[in-house]
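As stored in data.tsv (TSV, C-alpha atoms):
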chain	number	residue	atom	x	y	z
A	1	MET	CA	-6.08	22.61	18.37
A	2	ALA	CA	-9.81	21.98	17.90
A	3	ALA	CA	-11.50	19.50	20.21
A	4	PRO	CA	-12.19	16.11	18.60
A	5	ARG	CA	-15.68	15.72	17.22
A	6	PRO	CA	-17.83	13.33	19.27
A	7	ALA	CA	-18.54	10.03	17.55
A	8	PRO	CA	-22.14	9.64	16.43
A	9	LEU	CA	-24.27	8.15	19.18
A	10	VAL	CA	-27.69	8.32	17.56
A	11	ASN	CA	-28.07	5.71	14.82
A	12	PHE	CA	-31.73	5.86	13.83
A	13	LEU	CA	-34.39	8.52	13.43
A	14	VAL	CA	-38.12	8.46	12.91
A	15	ALA	CA	-37.82	11.34	10.46
A	16	GLY	CA	-41.36	11.66	9.10
A	17	VAL	CA	-44.14	12.42	8.71
A	18	GLN	CA	-46.22	14.70	10.92
A	19	LYS	CA	-49.73	13.32	11.64
A	20	GLY	CA	-48.61	9.97	10.26
A	21	GLY	CA	-48.43	7.87	13.42
A	22	THR	CA	-44.92	8.75	14.58
A	23	THR	CA	-46.03	9.29	18.17
A	24	ALA	CA	-47.54	5.81	18.32
A	25	LEU	CA	-44.34	4.33	16.88
A	26	PHE	CA	-42.19	6.26	19.36
A	27	ASP	CA	-44.35	5.04	22.23
A	28	TYR	CA	-44.22	1.45	20.98
A	29	LEU	CA	-40.43	1.59	20.75
A	30	GLY	CA	-40.36	2.91	24.30
A	31	ASP	CA	-41.88	-0.37	25.44
A	32	TYR	CA	-38.73	-2.24	24.42
A	33	GLY	CA	-35.78	-2.38	26.77
A	34	ASP	CA	-33.25	-2.80	23.97
A	35	VAL	CA	-33.96	0.54	22.28
A	36	ALA	CA	-32.59	3.78	23.73
A	37	LEU	CA	-34.82	6.83	23.39
A	38	PRO	CA	-34.85	10.29	24.96
A	39	SER	CA	-37.47	10.98	27.59
A	40	GLU	CA	-39.51	13.09	25.17
A	41	LYS	CA	-40.38	12.89	21.48
A	42	GLU	CA	-39.31	15.53	18.95
A	43	LEU	CA	-35.91	16.86	19.95
A	44	HIS	CA	-35.88	19.19	16.93
A	45	PHE	CA	-32.11	19.15	16.70
A	46	PHE	CA	-31.46	18.88	12.97
A	47	ASP	CA	-34.12	21.46	12.10
A	48	ASP	CA	-32.84	23.98	14.65
A	49	GLU	CA	-31.97	27.12	12.71
A	50	GLY	CA	-30.44	28.65	15.85
A	51	GLN	CA	-27.70	26.01	15.85
A	52	ASP	CA	-24.29	26.95	14.50
A	53	TRP	CA	-24.14	24.27	11.81
A	54	SER	CA	-20.47	24.99	11.11
A	55	HIS	CA	-19.80	23.75	14.67
A	56	PRO	CA	-22.96	21.97	15.89
A	57	ASP	CA	-23.24	21.08	19.57
A	58	TYR	CA	-23.43	17.31	19.33
A	59	ASP	CA	-22.52	17.03	23.01
A	60	GLY	CA	-25.75	18.80	23.88
A	61	TYR	CA	-27.66	16.48	21.56
A	62	HIS	CA	-26.04	13.37	23.02
A	63	ALA	CA	-26.87	14.56	26.53
A	64	ARG	CA	-30.52	13.90	25.69
A	65	PHE	CA	-29.68	10.18	25.67
A	66	PRO	CA	-28.38	9.56	29.21
A	67	GLN	CA	-29.21	5.84	29.06
A	68	VAL	CA	-26.53	5.27	26.42
A	69	PRO	CA	-23.17	5.87	28.13
A	70	ASP	CA	-19.97	6.06	26.09
A	71	GLY	CA	-18.77	2.67	24.99
A	72	VAL	CA	-22.17	0.97	24.78
A	73	ALA	CA	-22.30	-0.64	21.36
A	74	GLY	CA	-24.99	-2.53	19.52
A	75	ARG	CA	-27.95	-0.80	21.14
A	76	PRO	CA	-30.07	1.26	18.77
A	77	ALA	CA	-30.39	4.84	19.96
A	78	GLY	CA	-32.81	7.13	18.24
A	79	GLU	CA	-35.46	9.80	18.41
A	80	ALA	CA	-38.56	10.88	16.50
A	81	THR	CA	-38.89	14.34	14.99
A	82	PRO	CA	-41.21	14.08	11.98
A	83	ILE	CA	-40.33	17.45	10.50
A	84	TYR	CA	-36.87	16.19	9.52
A	85	ALA	CA	-38.07	14.71	6.22
A	86	TYR	CA	-39.63	18.03	5.24
A	87	TRP	CA	-37.46	20.79	6.73
A	88	PRO	CA	-34.72	22.14	4.42
A	89	LYS	CA	-31.17	20.94	5.11
A	90	SER	CA	-32.28	18.62	7.94
A	91	LEU	CA	-31.48	15.43	6.02
A	92	GLU	CA	-28.18	16.91	4.87
A	93	ARG	CA	-27.28	17.75	8.48
A	94	ILE	CA	-28.22	14.22	9.53
A	95	ALA	CA	-25.97	12.74	6.84
A	96	ALA	CA	-23.10	14.96	7.97
A	97	TYR	CA	-23.60	13.81	11.55
A	98	ASN	CA	-23.89	10.09	10.80
A	99	PRO	CA	-23.67	8.82	7.20
A	100	ALA	CA	-24.78	5.38	8.47
A	101	MET	CA	-27.98	6.75	10.03
A	102	LYS	CA	-31.11	4.66	9.57
A	103	LEU	CA	-34.26	6.63	8.75
A	104	ILE	CA	-37.83	5.51	9.37
A	105	LEU	CA	-40.60	7.29	7.48
A	106	VAL	CA	-44.23	6.65	8.43
A	107	LEU	CA	-46.34	7.92	5.55
A	108	ARG	CA	-50.03	8.72	5.58
A	109	ASP	CA	-52.26	9.54	2.64
A	110	PRO	CA	-51.16	13.14	1.95
A	111	VAL	CA	-54.72	14.44	1.62
A	112	GLU	CA	-55.73	12.88	4.95
A	113	ARG	CA	-52.49	14.17	6.45
A	114	ALA	CA	-53.16	17.73	5.26
A	115	TRP	CA	-56.69	17.65	6.68
A	116	SER	CA	-55.48	16.29	10.03
A	117	HIS	CA	-52.72	18.90	10.14
A	118	TRP	CA	-55.22	21.69	9.46
A	119	ARG	CA	-57.55	20.34	12.15
A	120	MET	CA	-54.68	20.38	14.65
A	121	GLU	CA	-53.68	23.96	13.85
A	122	THR	CA	-57.28	25.23	14.01
A	123	ALA	CA	-57.76	23.48	17.36
A	124	ARG	CA	-54.61	25.19	18.63
A	125	GLY	CA	-55.84	28.58	17.41
A	126	VAL	CA	-52.89	28.98	15.05
A	127	GLU	CA	-55.04	28.70	11.93
A	128	THR	CA	-58.25	30.68	11.44
A	129	ASN	CA	-58.83	30.17	7.72
A	130	PRO	CA	-60.92	27.44	6.06
A	131	PHE	CA	-59.20	24.35	4.71
A	132	GLY	CA	-60.04	25.05	1.07
A	133	TRP	CA	-58.42	28.48	1.25
A	134	CYS	CA	-55.38	27.14	3.10
A	135	VAL	CA	-54.53	24.53	0.46
A	136	ARG	CA	-55.02	27.01	-2.39
A	137	GLU	CA	-54.39	30.72	-1.77
A	138	GLY	CA	-52.94	30.06	1.67
A	139	ARG	CA	-49.88	28.39	0.20
A	140	ARG	CA	-48.62	31.84	-0.77
A	141	ARG	CA	-47.88	32.46	2.91
A	142	LEU	CA	-44.87	30.20	2.57
A	143	LEU	CA	-43.31	32.63	0.10
A	144	ASP	CA	-42.86	35.09	2.98
A	145	ALA	CA	-41.54	32.45	5.39
A	146	GLU	CA	-37.98	31.89	6.56
A	147	PRO	CA	-36.47	29.65	5.30
A	148	TRP	CA	-38.18	30.62	2.06
A	149	GLY	CA	-40.98	28.29	0.99
A	150	HIS	CA	-41.19	26.42	4.30
A	151	HIS	CA	-43.39	26.89	7.34
A	152	ARG	CA	-43.80	24.86	10.51
A	153	GLU	CA	-47.56	25.42	10.85
A	154	PHE	CA	-49.00	26.32	7.44
A	155	SER	CA	-47.28	23.58	5.41
A	156	TYR	CA	-50.45	21.52	4.96
A	157	VAL	CA	-49.78	20.75	1.31
A	158	GLU	CA	-46.00	20.93	1.20
A	159	ARG	CA	-45.36	18.24	3.79
A	160	GLY	CA	-47.24	15.77	1.60
A	161	PHE	CA	-44.77	15.71	-1.30
A	162	TYR	CA	-43.38	12.36	-0.18
A	163	GLY	CA	-41.86	11.42	-3.52
A	164	GLU	CA	-39.66	14.50	-3.45
A	165	GLN	CA	-38.70	13.82	0.16
A	166	MET	CA	-37.83	10.20	-0.62
A	167	GLU	CA	-35.66	11.18	-3.57
A	168	ARG	CA	-33.82	13.66	-1.36
A	169	ALA	CA	-33.30	11.01	1.33
A	170	LEU	CA	-32.09	8.43	-1.17
A	171	GLY	CA	-29.66	10.94	-2.59
A	172	LEU	CA	-28.00	11.06	0.82
A	173	PHE	CA	-28.50	7.55	2.24
A	174	ALA	CA	-28.38	4.05	0.81
A	175	ARG	CA	-31.77	2.47	0.11
A	176	ASP	CA	-31.27	-0.12	2.84
A	177	GLN	CA	-30.89	2.73	5.36
A	178	VAL	CA	-34.43	3.97	4.75
A	179	LEU	CA	-37.51	2.12	5.97
A	180	VAL	CA	-40.91	3.29	4.74
A	181	LEU	CA	-44.10	2.30	6.55
A	182	ALA	CA	-47.68	3.19	5.75
A	183	SER	CA	-49.52	4.58	8.77
A	184	ASP	CA	-52.54	2.41	7.93
A	185	ALA	CA	-50.34	-0.68	8.19
A	186	LEU	CA	-49.03	0.42	11.58
A	187	ARG	CA	-52.57	0.89	12.81
A	188	ALA	CA	-54.03	-2.26	11.23
A	189	ASP	CA	-51.28	-4.67	12.35
A	190	HIS	CA	-48.86	-2.96	14.67
A	191	GLY	CA	-47.19	-6.27	15.52
A	192	ALA	CA	-46.11	-6.86	11.93
A	193	ALA	CA	-45.02	-3.24	11.52
A	194	LEU	CA	-42.97	-3.33	14.73
A	195	ALA	CA	-41.35	-6.61	13.70
A	196	GLN	CA	-40.33	-4.87	10.49
A	197	VAL	CA	-38.90	-1.94	12.43
A	198	ARG	CA	-37.00	-4.19	14.82
A	199	GLY	CA	-35.52	-6.15	11.93
A	200	PHE	CA	-34.51	-2.89	10.26
A	201	LEU	CA	-32.72	-1.87	13.46
A	202	GLY	CA	-30.93	-5.22	13.68
A	203	LEU	CA	-32.89	-6.43	16.71
A	204	ASP	CA	-34.26	-9.89	17.41
A	205	GLY	CA	-37.94	-10.57	17.67
A	206	ALA	CA	-39.77	-9.52	20.83
A	207	PRO	CA	-43.30	-9.74	22.26
A	208	THR	CA	-45.67	-7.25	20.65
A	209	PRO	CA	-46.78	-4.40	22.93
A	210	ALA	CA	-50.48	-3.84	23.45
A	211	ALA	CA	-52.15	-1.77	20.73
A	212	ARG	CA	-52.38	1.95	21.42
A	213	GLU	CA	-53.52	5.18	19.84
A	214	SER	CA	-51.33	8.21	20.54
A	215	HIS	CA	-52.20	11.87	20.07
A	216	VAL	CA	-55.45	11.06	18.34
A	217	GLY	CA	-57.46	14.26	18.62
A	218	PRO	CA	-60.91	15.14	17.35
A	219	GLU	CA	-61.03	15.07	13.56
A	220	ALA	CA	-64.74	15.49	12.99
A	221	GLY	CA	-65.95	15.96	9.46
A	222	ALA	CA	-64.00	15.56	6.25
A	223	PRO	CA	-62.65	17.83	3.54
A	224	ASP	CA	-64.99	18.80	0.73
A	225	ALA	CA	-64.91	16.55	-2.31
A	226	ALA	CA	-63.69	19.50	-4.37
A	227	ASP	CA	-60.74	19.98	-2.02
A	228	VAL	CA	-59.88	16.28	-2.21
A	229	THR	CA	-59.99	16.33	-6.02
A	230	PHE	CA	-57.87	19.47	-6.09
A	231	LEU	CA	-55.22	17.96	-3.82
A	232	ARG	CA	-55.13	14.67	-5.73
A	233	HIS	CA	-54.29	16.73	-8.80
A	234	VAL	CA	-51.62	18.70	-6.91
A	235	TYR	CA	-50.01	15.48	-5.70
A	236	ALA	CA	-50.39	13.46	-8.93
A	237	ALA	CA	-46.86	13.87	-10.29
A	238	ASP	CA	-45.26	13.47	-6.86
A	239	ALA	CA	-47.35	10.35	-6.24
A	240	GLU	CA	-45.72	8.74	-9.27
A	241	ARG	CA	-42.30	9.64	-7.89
A	242	LEU	CA	-43.19	8.01	-4.58
A	243	ALA	CA	-44.51	4.88	-6.27
A	244	ALA	CA	-41.32	4.60	-8.32
A	245	SER	CA	-39.10	4.70	-5.23
A	246	THR	CA	-41.24	2.77	-2.75
A	247	GLY	CA	-44.12	1.07	-4.54
A	248	ILE	CA	-46.56	2.88	-2.22
A	249	ARG	CA	-49.64	4.60	-3.60
A	250	PHE	CA	-52.32	6.57	-1.78
A	251	GLY	CA	-55.81	7.55	-2.82

For this file, write the structure as structure tokens.
Amino acid sequence: MAAPRPAPLVNFLVAGVQKGGTTALFDYLGDYGDVALPSEKELHFFDDEGQDWSHPDYDGYHARFPQVPDGVAGRPAGEATPIYAYWPKSLERIAAYNPAMKLILVLRDPVERAWSHWRMETARGVETNPFGWCVREGRRRLLDAEPWGHHREFSYVERGFYGEQMERALGLFARDQVLVLASDALRADHGAALAQVRGFLGLDGAPTPAARESHVGPEAGAPDAADVTFLRHVYAADAERLAASTGIRFG
């Protein structure tokens, strides 16, 4: 007889987006004693292609949350892995694990996000090509990737199709299970944004932690105007999809 499946322990995820302020949000949430988090950000569980998804090891996942023993109810437990909104099958795996999961998406202007992503990869030495090439010809690299059409490093453009990602999320989760924040709002008034997050998680009000900037690296310069115009055109149709589902517009 098969062993019983462990009950879901994790009930919220900061599921997107990379370079959108998710580290700051994770750090802010760590300042609260009534939110259970793992010791490190980005567990990369639901995007793990080495996992046997016919029999996933939820025990191993739950072990990353030692501060939430069995039987503790009413305490939000979550993690932040921003690739989940983008990576194929991640949201579907999340829904299979916990259909009541609450998702938090922190969205940044997709052109700014792509530029910041490219700056990060060039600083790491992963990327050696210019930004303009990467967002045009360089997208062909994803056709040789596995899974097809997705890449963890070179997905500068693809991660910015937020409208598509939202529609996928809302096809799996009820609208009231998905909270969308703009990264500019988190930065401009983190107290209001955190109050919104706490309310979403069913928590009472709490003192606002001191403002912080997390993982803010050097982002000197800016993309060429031609690259910005090109990307606005690439994102135009998806931007309408995002506005229809969230009311948020960028650019």

Excluding Asp47 (chain A) and its own-chain neighbours fewer than 3 positions away, which residues fall within 7 Å of it when counting all atoms listed in the file? Please give them as a list in words.
His44, Tyr84, Trp87 and Ser90 of chain A

When you look at Pro209 (chain A) with a cut-off of 12 Å (counting all atoms listed in the file), what residues show up, excluding the ones that are within fewer than 6 positions of it in the same chain? I need them as a PDB file with C-alpha atoms, in the coordinates of the input.
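Result went into part23.pdb, see below:
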ATOM      1  CA  ALA A  24     -47.540   5.810  18.320  1.00  0.00           C
ATOM      2  CA  LEU A  25     -44.340   4.330  16.880  1.00  0.00           C
ATOM      3  CA  ASP A  27     -44.350   5.040  22.230  1.00  0.00           C
ATOM      4  CA  TYR A  28     -44.220   1.450  20.980  1.00  0.00           C
ATOM      5  CA  LEU A  29     -40.430   1.590  20.750  1.00  0.00           C
ATOM      6  CA  GLY A  30     -40.360   2.910  24.300  1.00  0.00           C
ATOM      7  CA  ASP A  31     -41.880  -0.370  25.440  1.00  0.00           C
ATOM      8  CA  TYR A  32     -38.730  -2.240  24.420  1.00  0.00           C
ATOM      9  CA  GLY A  33     -35.780  -2.380  26.770  1.00  0.00           C
ATOM     10  CA  ASP A 189     -51.280  -4.670  12.350  1.00  0.00           C
ATOM     11  CA  HIS A 190     -48.860  -2.960  14.670  1.00  0.00           C
ATOM     12  CA  GLY A 191     -47.190  -6.270  15.520  1.00  0.00           C
ATOM     13  CA  ALA A 192     -46.110  -6.860  11.930  1.00  0.00           C
ATOM     14  CA  ALA A 193     -45.020  -3.240  11.520  1.00  0.00           C
ATOM     15  CA  LEU A 194     -42.970  -3.330  14.730  1.00  0.00           C
ATOM     16  CA  ALA A 195     -41.350  -6.610  13.700  1.00  0.00           C
TER      17      ALA A 195
END

Need to verify the contact set: region 161-177 of chain A, 7 Å, all atoms listed in the file, exclusion of same-chain residues closer than 5 positions in sequence. Can you return it as a ChimeraX atom specification?
/A:85-86,91,95,101-103,235,238-239,241-242

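Nearest residue to Thr23 (chain A) among A:Arg232, A:Arg187, A:Arg249, A:Arg93 is A:Arg187, counting only C-alpha atoms.
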
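You will find CA of Trp148 (chain A) at 15.9 Å from CA of Gly50 (chain A).
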
What separates CA of Val35 (chain A) and CA of Gly78 (chain A) is a distance of 7.8 Å

Taking all atoms of region 230-240 of chain A that the file lists and extending 6 Å past them on each side, where is the centre of the axis-aligned box and how long are its edges? Answer in Å to one decimal, as JSON.
{"center_x": -51.6, "center_y": 14.1, "center_z": -7.1, "size_x": 24.6, "size_y": 22.7, "size_z": 18.5}

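Interatomic distance, CA of Glu240 (chain A) to CA of Glu158 (chain A): 16.1 Å.
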
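Comparing A:Ser155, A:Leu142, A:Gly132, A:Glu42 by their smallest distance to Thr229 (chain A), the closest is A:Gly132 (using all atoms listed in the file).
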
Distance query Arg113 (chain A) at most 9 Å, all atoms listed in the file, self and fewer than 2 positions along chain excluded, as a PyMOL selection string
chain A and resi 17-20+107-111+115-118+156-157+159-160

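In this comparison, which uses only C-alpha atoms, the residue of A:Glu121, A:Asp59, A:Asp34, A:Asp52 approaching Leu9 (chain A) most closely is A:Asp59.
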
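Among A:Phe131, A:His62, A:Ala77, A:Ala96, the residue with the shortest atom-to-atom distance to Leu203 (chain A), counting only C-alpha atoms, is A:Ala77.
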
Nearest residue to Pro76 (chain A) from the set A:Phe250, A:Phe12, A:Tyr58, A:Phe200 (distances using only C-alpha atoms)
A:Phe12

Excluding same-chain residues fewer than 3 positions from Val14 (chain A), what lies within 8 Å of it counting all atoms listed in the file, as number ranges by chain?
A: 22, 26, 78-82, 103-106

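For the residues A:Ile94, A:Arg136, A:Asn129, A:Pro56, ranking by smallest atom-to-atom distance to Asp227 (chain A) using only C-alpha atoms places A:Arg136 first.
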